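coords21.cif (mmCIF, C-alpha atoms)
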data_work
loop_
_atom_site.label_atom_id
_atom_site.label_comp_id
_atom_site.auth_asym_id
_atom_site.auth_seq_id
_atom_site.Cartn_x
_atom_site.Cartn_y
_atom_site.Cartn_z
CA MET A 194 144.53 11.59 130.44
CA VAL A 195 141.78 12.96 132.70
CA ILE A 196 138.47 13.74 131.02
CA CYS A 197 136.43 16.46 132.72
CA ASN A 198 132.89 15.42 133.53
CA SER A 199 131.11 18.21 131.64
CA VAL A 200 127.56 16.96 132.15
CA MET A 201 127.92 16.54 135.91
CA ALA A 202 129.49 20.00 136.05
CA ARG A 203 126.16 21.40 134.88
CA GLN A 204 124.11 19.66 137.57
CA PRO A 205 122.51 22.14 139.99
CA TYR A 206 124.50 21.54 143.15
CA PRO A 207 123.00 23.42 146.10
CA TYR A 208 126.15 25.46 146.84
CA PRO A 209 129.12 26.73 144.81
CA THR A 210 131.71 24.14 143.83
CA ASN A 211 135.41 24.62 144.49
CA TYR A 212 138.33 22.49 143.29
CA ILE A 213 141.59 21.32 144.75
CA HIS A 214 144.32 20.13 142.37
CA LEU A 215 145.97 16.89 143.43
CA TYR A 216 148.82 14.87 141.97
CA VAL A 217 147.87 11.20 142.04
CA GLU A 218 149.99 8.43 140.48
CA GLY A 219 151.61 10.83 138.04
CA LYS A 220 148.33 12.50 137.07
CA ASP A 221 147.01 15.98 137.75
CA VAL A 222 143.54 15.43 139.21
CA LYS A 223 140.82 17.87 140.19
CA MET A 224 138.74 17.11 143.27
CA ALA A 225 135.48 19.02 143.67
CA TYR A 226 134.01 20.11 146.98
CA MET A 227 131.47 22.42 148.54
CA ASP A 228 132.63 24.59 151.44
CA VAL A 229 129.58 26.08 153.13
CA GLN A 230 130.29 28.82 155.63
CA PRO A 231 127.63 29.49 158.31
CA THR A 232 126.24 32.93 159.00
CA GLN A 233 126.90 32.54 162.73
CA PRO A 234 129.87 30.16 163.13
CA ASN A 235 130.09 27.91 166.17
CA GLY A 236 133.75 27.13 165.47
CA LYS A 237 133.16 23.52 164.47
CA ASN A 238 133.57 21.81 161.09
CA VAL A 239 131.63 18.88 159.64
CA MET A 240 132.81 16.82 156.67
CA LEU A 241 130.31 14.65 154.78
CA PHE A 242 131.36 11.57 152.75
CA HIS A 243 128.95 10.31 150.08
CA GLY A 244 128.21 6.72 149.04
CA LYS A 245 129.14 4.71 145.95
CA ASN A 246 126.06 5.56 143.86
CA PHE A 247 125.92 9.20 144.92
CA ASN A 248 127.85 12.46 145.07
CA GLY A 249 127.84 15.48 147.34
CA TYR A 250 124.51 16.70 145.96
CA TYR A 251 122.35 14.40 148.08
CA TRP A 252 123.64 15.99 151.31
CA LYS A 253 121.95 19.29 150.40
CA ASP A 254 119.32 19.26 153.17
CA VAL A 255 121.79 18.06 155.78
CA ILE A 256 124.17 20.86 154.74
CA SER A 257 121.40 23.41 155.15
CA TYR A 258 120.53 22.13 158.62
CA LEU A 259 124.12 22.01 159.87
CA SER A 260 124.98 25.42 158.42
CA ALA A 261 121.98 26.95 160.18
CA LYS A 262 123.34 25.46 163.41
CA GLY A 263 126.63 27.26 162.91
CA TYR A 264 128.79 24.47 161.47
CA ARG A 265 131.14 24.97 158.56
CA VAL A 266 130.32 22.08 156.21
CA ILE A 267 132.83 20.54 153.80
CA VAL A 268 131.34 18.17 151.20
CA PRO A 269 133.75 16.60 148.70
CA ASP A 270 132.95 14.66 145.57
CA GLN A 271 135.52 11.91 145.96
CA VAL A 272 137.98 11.50 143.10
CA GLY A 273 136.14 9.18 140.72
CA TRP A 274 132.70 10.64 141.43
CA GLY A 275 130.42 13.57 140.62
CA LYS A 276 132.18 16.75 139.53
CA SER A 277 135.62 15.40 140.37
CA ASP A 278 137.91 13.88 137.75
CA LYS A 279 137.81 10.13 137.17
CA PRO A 280 141.39 9.09 136.49
CA ASP A 281 142.52 5.57 135.68
CA ILE A 282 144.38 4.89 138.95
CA HIS A 283 144.53 2.30 141.69
CA TYR A 284 141.59 3.38 143.86
CA SER A 285 142.00 2.72 147.56
CA PHE A 286 140.37 3.93 150.74
CA HIS A 287 143.83 4.93 151.95
CA GLY A 288 144.32 7.07 148.85
CA LEU A 289 140.88 8.66 149.06
CA ALA A 290 141.48 9.41 152.73
CA ALA A 291 144.78 11.09 151.87
CA ASN A 292 142.98 13.23 149.26
CA ASN A 293 140.54 14.45 151.88
CA LYS A 294 143.33 15.16 154.36
CA ALA A 295 145.04 17.23 151.67
CA LEU A 296 141.79 19.13 151.16
CA LEU A 297 141.49 19.88 154.87
CA ASP A 298 145.13 20.95 155.04
CA SER A 299 144.58 23.32 152.12
CA LEU A 300 141.67 24.88 154.03
CA ARG A 301 143.73 24.97 157.25
CA ILE A 302 141.15 22.86 159.04
CA THR A 303 142.71 20.74 161.78
CA HIS A 304 139.66 19.11 163.38
CA ILE A 305 136.39 17.79 161.95
CA ILE A 306 133.25 15.94 162.81
CA LEU A 307 133.11 13.24 160.14
CA VAL A 308 129.88 11.79 158.75
CA GLY A 309 129.97 8.90 156.27
CA HIS A 310 127.07 7.21 154.52
CA SER A 311 127.18 3.84 152.73
CA MET A 312 130.61 3.57 151.02
CA GLY A 313 131.36 6.90 152.66
CA GLY A 314 131.14 5.02 155.95
CA MET A 315 133.96 2.71 154.83
CA LEU A 316 136.01 5.73 153.82
CA ALA A 317 135.19 7.56 157.06
CA THR A 318 136.34 4.50 159.01
CA ARG A 319 139.64 4.40 157.12
CA PHE A 320 140.11 8.17 157.48
CA THR A 321 139.53 7.98 161.24
CA LEU A 322 142.00 5.12 161.60
CA LEU A 323 144.62 7.00 159.58
CA TYR A 324 144.06 10.44 161.12
CA PRO A 325 142.55 9.89 164.59
CA GLY A 326 143.79 13.27 165.81
CA THR A 327 141.79 15.03 163.11
CA VAL A 328 138.38 13.44 163.79
CA THR A 329 136.72 14.63 166.99
CA LYS A 330 133.51 12.67 166.37
CA LEU A 331 132.55 9.99 163.84
CA VAL A 332 129.07 9.30 162.48
CA LEU A 333 128.37 6.20 160.39
CA GLU A 334 125.01 6.20 158.60
CA ASN A 335 124.10 2.75 157.25
CA PRO A 336 127.65 2.14 156.07
CA ILE A 337 128.47 -0.73 153.78
CA GLY A 338 131.48 -2.80 154.79
CA PHE A 339 129.99 -4.19 158.01
CA GLU A 340 130.80 -7.54 156.38
CA ASP A 341 133.72 -8.88 154.35
CA TYR A 342 132.03 -9.37 150.98
CA ARG A 343 134.93 -11.52 149.75
CA THR A 344 133.80 -14.30 152.07
CA PHE A 345 130.42 -14.86 150.41
CA VAL A 346 130.12 -12.78 147.22
CA PRO A 347 131.70 -14.44 144.16
CA TYR A 348 134.68 -12.65 142.67
CA THR A 349 134.03 -10.76 139.41
CA PRO A 350 136.94 -9.92 137.07
CA LEU A 351 137.48 -6.24 136.40
CA ASP A 352 136.68 -6.57 132.70
CA SER A 353 133.29 -8.05 133.57
CA LEU A 354 132.61 -5.26 136.05
CA TYR A 355 133.41 -2.71 133.34
CA SER A 356 131.19 -4.49 130.82
CA ASN A 357 128.30 -4.41 133.27
CA GLU A 358 128.83 -0.70 133.94
CA MET A 359 128.73 0.02 130.20
CA LYS A 360 125.31 -1.65 130.00
CA ALA A 361 123.80 0.68 132.62
CA THR A 362 120.61 2.59 131.81
CA TYR A 363 118.42 5.07 133.63
CA GLU A 364 116.01 2.21 134.32
CA SER A 365 118.73 -0.06 135.76
CA TYR A 366 119.99 2.72 138.03
CA LYS A 367 116.46 3.38 139.25
CA GLU A 368 115.75 -0.28 139.86
CA TYR A 369 118.85 -0.56 142.02
CA MET A 370 118.07 2.68 143.85
CA LYS A 371 114.65 1.30 144.74
CA SER A 372 116.34 -1.34 146.89
CA TYR A 373 117.43 1.43 149.25
CA PHE A 374 113.90 2.38 150.26
CA PRO A 375 111.00 0.34 151.71
CA VAL A 376 108.60 2.47 149.63
CA TRP A 377 109.59 4.50 146.58
CA ARG A 378 108.51 8.14 146.41
CA PRO A 379 108.57 10.42 143.35
CA GLU A 380 111.02 12.80 145.04
CA TYR A 381 113.64 10.04 145.09
CA ASP A 382 113.88 10.34 141.30
CA GLU A 383 116.37 13.17 141.77
CA LEU A 384 118.85 10.64 143.16
CA VAL A 385 118.53 8.61 139.97
CA ASN A 386 118.80 11.75 137.85
CA GLN A 387 122.10 12.68 139.51
CA GLN A 388 123.58 9.24 138.93
CA ALA A 389 122.20 8.81 135.40
CA ALA A 390 123.47 12.20 134.19
CA ALA A 391 126.82 10.48 133.63
CA LEU A 392 125.26 8.25 130.98
CA LYS A 393 125.05 11.21 128.60
CA GLU A 394 128.49 12.62 129.24
CA LYS A 395 131.33 12.66 126.76
CA GLY A 396 133.74 9.97 127.85
CA PHE A 397 131.27 7.82 129.80
CA GLU A 398 133.67 4.94 129.20
CA GLN A 399 136.07 6.51 131.69
CA THR A 400 133.28 6.94 134.24
CA ALA A 401 132.27 3.31 133.78
CA TRP A 402 135.89 2.23 134.27
CA ALA A 403 136.14 4.27 137.47
CA ASN A 404 132.86 2.72 138.65
CA ALA A 405 134.30 -0.74 138.07
CA LEU A 406 137.56 0.09 139.81
CA THR A 407 135.76 1.47 142.86
CA TYR A 408 133.50 -1.59 143.08
CA GLN A 409 136.71 -3.62 143.14
CA MET A 410 138.06 -1.33 145.87
CA ILE A 411 135.03 -2.00 148.07
CA TYR A 412 135.24 -5.74 147.47
CA GLU A 413 138.99 -6.09 148.03
CA GLN A 414 139.56 -3.62 150.88
CA PRO A 415 137.35 -4.52 153.88
CA VAL A 416 137.35 -2.38 157.02
CA CYS A 417 135.20 -4.68 159.15
CA TYR A 418 138.19 -6.20 160.97
CA GLU A 419 139.36 -2.81 162.23
CA PHE A 420 136.32 -1.27 163.91
CA LYS A 421 137.77 -2.38 167.24
CA TYR A 422 140.66 0.04 166.72
CA ILE A 423 138.42 3.11 166.61
CA HIS A 424 138.65 5.14 169.81
CA THR A 425 136.94 8.28 168.50
CA PRO A 426 133.45 8.99 169.90
CA THR A 427 131.23 7.23 167.36
CA LEU A 428 127.53 7.27 166.49
CA LEU A 429 125.92 4.53 164.41
CA ILE A 430 122.66 5.59 162.73
CA ILE A 431 121.12 2.44 161.33
CA GLY A 432 117.93 2.22 159.26
CA GLN A 433 116.46 -1.09 160.37
CA ALA A 434 114.87 -2.00 157.03
CA ASP A 435 118.20 -1.89 155.19
CA ARG A 436 119.36 -5.13 153.55
CA THR A 437 122.11 -3.75 151.30
CA ILE A 438 124.81 -6.13 150.11
CA VAL A 439 127.47 -5.12 147.61
CA GLY A 440 127.17 -7.77 144.90
CA LYS A 441 123.76 -9.01 146.03
CA ASP A 442 122.75 -9.80 142.44
CA LYS A 443 125.43 -12.48 142.38
CA LEU A 444 123.95 -14.38 145.35
CA SER A 445 121.30 -17.05 145.71
CA LYS A 446 118.25 -16.05 147.73
CA ASN A 447 119.36 -18.22 150.64
CA VAL A 448 122.84 -16.71 150.81
CA ALA A 449 121.48 -13.17 150.40
CA ALA A 450 119.02 -13.75 153.24
CA ALA A 451 121.88 -14.63 155.58
CA HIS A 452 123.69 -11.33 154.99
CA GLY A 453 123.00 -7.62 154.86
CA GLN A 454 120.99 -7.84 158.07
CA TYR A 455 121.57 -4.30 159.30
CA PRO A 456 119.71 -4.67 162.63
CA LEU A 457 122.12 -7.46 163.58
CA LEU A 458 125.20 -5.96 161.92
CA GLY A 459 124.66 -2.62 163.64
CA GLU A 460 124.58 -4.34 167.02
CA GLN A 461 127.75 -6.26 166.26
CA VAL A 462 129.71 -3.16 165.22
CA HIS A 463 128.34 -1.24 168.20
CA GLN A 464 129.96 -3.89 170.42
CA GLN A 465 133.25 -3.64 168.53
CA ILE A 466 133.59 0.16 168.81
CA LYS A 467 133.97 0.74 172.54
CA GLY A 468 131.82 3.54 173.88
CA SER A 469 129.91 3.96 170.64
CA TYR A 470 126.26 4.96 170.42
CA LEU A 471 123.76 3.03 168.34
CA VAL A 472 120.50 4.60 167.23
CA LYS A 473 118.07 2.35 165.38
CA VAL A 474 115.71 4.04 162.93
CA PRO A 475 112.64 1.81 162.47
CA GLY A 476 111.18 1.53 158.97
CA ASN A 477 114.15 3.28 157.35
CA GLY A 478 116.16 1.73 154.57
CA HIS A 479 119.67 2.55 153.39
CA ILE A 480 119.47 6.37 153.41
CA PRO A 481 117.80 7.76 156.56
CA HIS A 482 118.94 11.31 155.78
CA ILE A 483 116.81 11.17 152.62
CA GLN A 484 113.94 9.01 153.79
CA ASP A 485 113.39 10.73 157.16
CA LEU A 486 115.43 13.93 157.39
CA PRO A 487 113.80 15.28 160.60
CA THR A 488 114.61 12.09 162.49
CA PHE A 489 118.13 11.93 161.07
CA VAL A 490 119.07 15.51 161.98
CA SER A 491 117.50 15.15 165.42
CA ILE A 492 119.68 12.10 166.12
CA LEU A 493 122.73 13.88 164.71
CA ASP A 494 122.06 17.04 166.69
CA ASN A 495 121.80 15.14 169.98
CA PHE A 496 125.17 13.49 169.34
CA LEU A 497 126.92 16.71 168.34
CA LYS A 498 125.82 18.71 171.38
#
Go ahead and render the structure in this file as structure tokens.
Amino acid sequence: MVICNSVMARQPYPYPTNYIHLYVEGKDVKMAYMDVQPTQPNGKNVMLFHGKNFNGYYWKDVISYLSAKGYRVIVPDQVGWGKSDKPDIHYSFHGLAANNKALLDSLRITHIILVGHSMGGMLATRFTLLYPGTVTKLVLENPIGFEDYRTFVPYTPLDSLYSNEMKATYESYKEYMKSYFPVWRPEYDELVNQQAAALKEKGFEQTAWANALTYQMIYEQPVCYEFKYIHTPTLLIIGQADRTIVGKDKLSKNVAAAHGQYPLLGEQVHQQIKGSYLVKVPGNGHIPHIQDLPTFVSILDNFLK
């Protein structure tokens, strides 16, 4: 049974929401997306993939910028997030990638510029590897998955992950979100509000279960060994103050200090993806497109020209 996320459906997304109906593991599933058409089209399409603790909403200013430049912008809420359904299925990056390919096929879009942030960077990597002929350019903004978390983060059983998700509060979400920024600003509260809206929804148990399943997906399905197989023109935008580690709360301070070093990790992945471009953003944490939008879109614009 798929429970519709009624509270998230009332959140003020910046553009109208559309839905594609998918059939996943014997279940009818709705996947939400924004399809923003520019006033003066340049003939190019950009697809934006959100991170684990986000949904399509937080791309709103990037959408506005790209649309003004003439790009058609497609912004899905991945199945399991935001306004999309949250079925009890085996979540995989392969499956999520297939969902997005089905969305593009339904819109008759054959080529995209793909931008992925955080977990969206892992998904964008998998999508590009699966459908290299579809992605003309790839942008990875502080993606997670630069490391194989299985090699240093202790394994957590799924039941424990679910139990932890059920204990979530507005305050715990905000405390975690603070780790993404060197300095917290009041305007960042809207990110917490978007995530915490699910706490009040009918059927939060299903959302919590999906959250646990997708944490497990990130942990068990690394992409870091496959960057070398990417031949698509690729841009790495890396906030240099980022120290994100999935499962960091399970680590000692010494182990945590040895990982999540984005200045070093960005360099390493830059070397693995032949011909890639690396742009370092000093003083930025995990979300440059929120922390310093003008710098982010300037870097993006230069790459897309």
The PyMOL selection byres ((chain A and resi 291-305) around 6) resolved against shown file, as a PyMOL selection string: chain A and resi 238-239+288-290+306-307+327-329
Nearest candidate to A:Tyr216 (options A:Pro280, A:Pro415, A:Gly249, A:Pro347; using only C-alpha atoms):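 Of A:Pro280, A:Pro415, A:Gly249, A:Pro347, the one nearest A:Tyr216, counting only C-alpha atoms, is A:Pro280.
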Polymer residues at most 7 Å from A:Met227, all atoms listed in the file, same-chain spacing of 4 or more positions, as a PyMOL selection string: chain A and resi 208-211+267-269
Selection near A:Gln465, 10 Å with all atoms listed in the file, sequence-local residues under 2 positions removed, as a PyMOL selection string: chain A and resi 417-423+459-463+467-469
Would you write out those residues with C-alpha atoms, as a tab-separated table (two decimals), in the coordinates of the input?
chain	number	residue	atom	x	y	z
A	417	CYS	CA	135.20	-4.68	159.15
A	418	TYR	CA	138.19	-6.20	160.97
A	419	GLU	CA	139.36	-2.81	162.23
A	420	PHE	CA	136.32	-1.27	163.91
A	421	LYS	CA	137.77	-2.38	167.24
A	422	TYR	CA	140.66	0.04	166.72
A	423	ILE	CA	138.42	3.11	166.61
A	459	GLY	CA	124.66	-2.62	163.64
A	460	GLU	CA	124.58	-4.34	167.02
A	461	GLN	CA	127.75	-6.26	166.26
A	462	VAL	CA	129.71	-3.16	165.22
A	463	HIS	CA	128.34	-1.24	168.20
A	467	LYS	CA	133.97	0.74	172.54
A	468	GLY	CA	131.82	3.54	173.88
A	469	SER	CA	129.91	3.96	170.64
Distance of atom CA of A:Val272 from atom CA of A:Glu383, expressed in Å to one decimal place: 21.7 Å
Can you sort out stretch 317-339 of chain A so it carries N, CA and C atoms, written as an mmCIF file, in the frame of the given file?
data_model
loop_
_atom_site.group_PDB
_atom_site.id
_atom_site.type_symbol
_atom_site.label_atom_id
_atom_site.label_comp_id
_atom_site.auth_asym_id
_atom_site.auth_seq_id
_atom_site.Cartn_x
_atom_site.Cartn_y
_atom_site.Cartn_z
ATOM 1 N N ALA A 317 135.099 6.841 155.790
ATOM 2 C CA ALA A 317 135.190 7.560 157.060
ATOM 3 C C ALA A 317 135.896 6.714 158.117
ATOM 4 N N THR A 318 135.649 5.407 158.088
ATOM 5 C CA THR A 318 136.340 4.500 159.010
ATOM 6 C C THR A 318 137.835 4.520 158.745
ATOM 7 N N ARG A 319 138.212 4.381 157.471
ATOM 8 C CA ARG A 319 139.640 4.400 157.120
ATOM 9 C C ARG A 319 140.272 5.735 157.471
ATOM 10 N N PHE A 320 139.581 6.835 157.173
ATOM 11 C CA PHE A 320 140.110 8.170 157.480
ATOM 12 C C PHE A 320 140.354 8.307 158.974
ATOM 13 N N THR A 321 139.401 7.858 159.781
ATOM 14 C CA THR A 321 139.530 7.980 161.240
ATOM 15 C C THR A 321 140.686 7.145 161.767
ATOM 16 N N LEU A 322 140.879 5.965 161.186
ATOM 17 C CA LEU A 322 142.000 5.120 161.600
ATOM 18 C C LEU A 322 143.339 5.724 161.205
ATOM 19 N N LEU A 323 143.385 6.385 160.045
ATOM 20 C CA LEU A 323 144.620 7.000 159.580
ATOM 21 C C LEU A 323 144.927 8.315 160.276
ATOM 22 N N TYR A 324 143.871 9.090 160.561
ATOM 23 C CA TYR A 324 144.060 10.440 161.120
ATOM 24 C C TYR A 324 143.197 10.619 162.367
ATOM 25 N N PRO A 325 143.423 9.827 163.402
ATOM 26 C CA PRO A 325 142.550 9.890 164.590
ATOM 27 C C PRO A 325 142.588 11.248 165.295
ATOM 28 N N GLY A 326 143.703 11.958 165.165
ATOM 29 C CA GLY A 326 143.790 13.270 165.810
ATOM 30 C C GLY A 326 142.990 14.341 165.101
ATOM 31 N N THR A 327 142.554 14.057 163.885
ATOM 32 C CA THR A 327 141.790 15.030 163.110
ATOM 33 C C THR A 327 140.289 14.913 163.370
ATOM 34 N N VAL A 328 139.817 13.700 163.651
ATOM 35 C CA VAL A 328 138.380 13.440 163.790
ATOM 36 C C VAL A 328 137.983 13.503 165.258
ATOM 37 N N THR A 329 137.170 14.497 165.598
ATOM 38 C CA THR A 329 136.720 14.630 166.990
ATOM 39 C C THR A 329 135.505 13.753 167.278
ATOM 40 N N LYS A 330 134.660 13.559 166.260
ATOM 41 C CA LYS A 330 133.510 12.670 166.370
ATOM 42 C C LYS A 330 133.266 12.017 165.020
ATOM 43 N N LEU A 331 132.793 10.764 165.055
ATOM 44 C CA LEU A 331 132.550 9.990 163.840
ATOM 45 C C LEU A 331 131.098 9.533 163.805
ATOM 46 N N VAL A 332 130.451 9.735 162.661
ATOM 47 C CA VAL A 332 129.070 9.300 162.480
ATOM 48 C C VAL A 332 129.018 8.373 161.270
ATOM 49 N N LEU A 333 128.516 7.167 161.468
ATOM 50 C CA LEU A 333 128.370 6.200 160.390
ATOM 51 C C LEU A 333 126.878 5.950 160.154
ATOM 52 N N GLU A 334 126.417 6.361 158.974
ATOM 53 C CA GLU A 334 125.010 6.200 158.600
ATOM 54 C C GLU A 334 124.890 5.032 157.631
ATOM 55 N N ASN A 335 124.279 3.941 158.081
ATOM 56 C CA ASN A 335 124.100 2.750 157.250
ATOM 57 C C ASN A 335 125.298 2.512 156.337
ATOM 58 N N PRO A 336 126.476 2.367 156.919
ATOM 59 C CA PRO A 336 127.650 2.140 156.070
ATOM 60 C C PRO A 336 127.620 0.743 155.466
ATOM 61 N N ILE A 337 128.167 0.607 154.277
ATOM 62 C CA ILE A 337 128.470 -0.730 153.780
ATOM 63 C C ILE A 337 129.801 -1.129 154.424
ATOM 64 N N GLY A 338 130.211 -2.368 154.218
ATOM 65 C CA GLY A 338 131.480 -2.800 154.790
ATOM 66 C C GLY A 338 131.374 -3.333 156.197
ATOM 67 N N PHE A 339 130.160 -3.513 156.721
ATOM 68 C CA PHE A 339 129.990 -4.190 158.010
ATOM 69 C C PHE A 339 130.403 -5.661 157.900
#
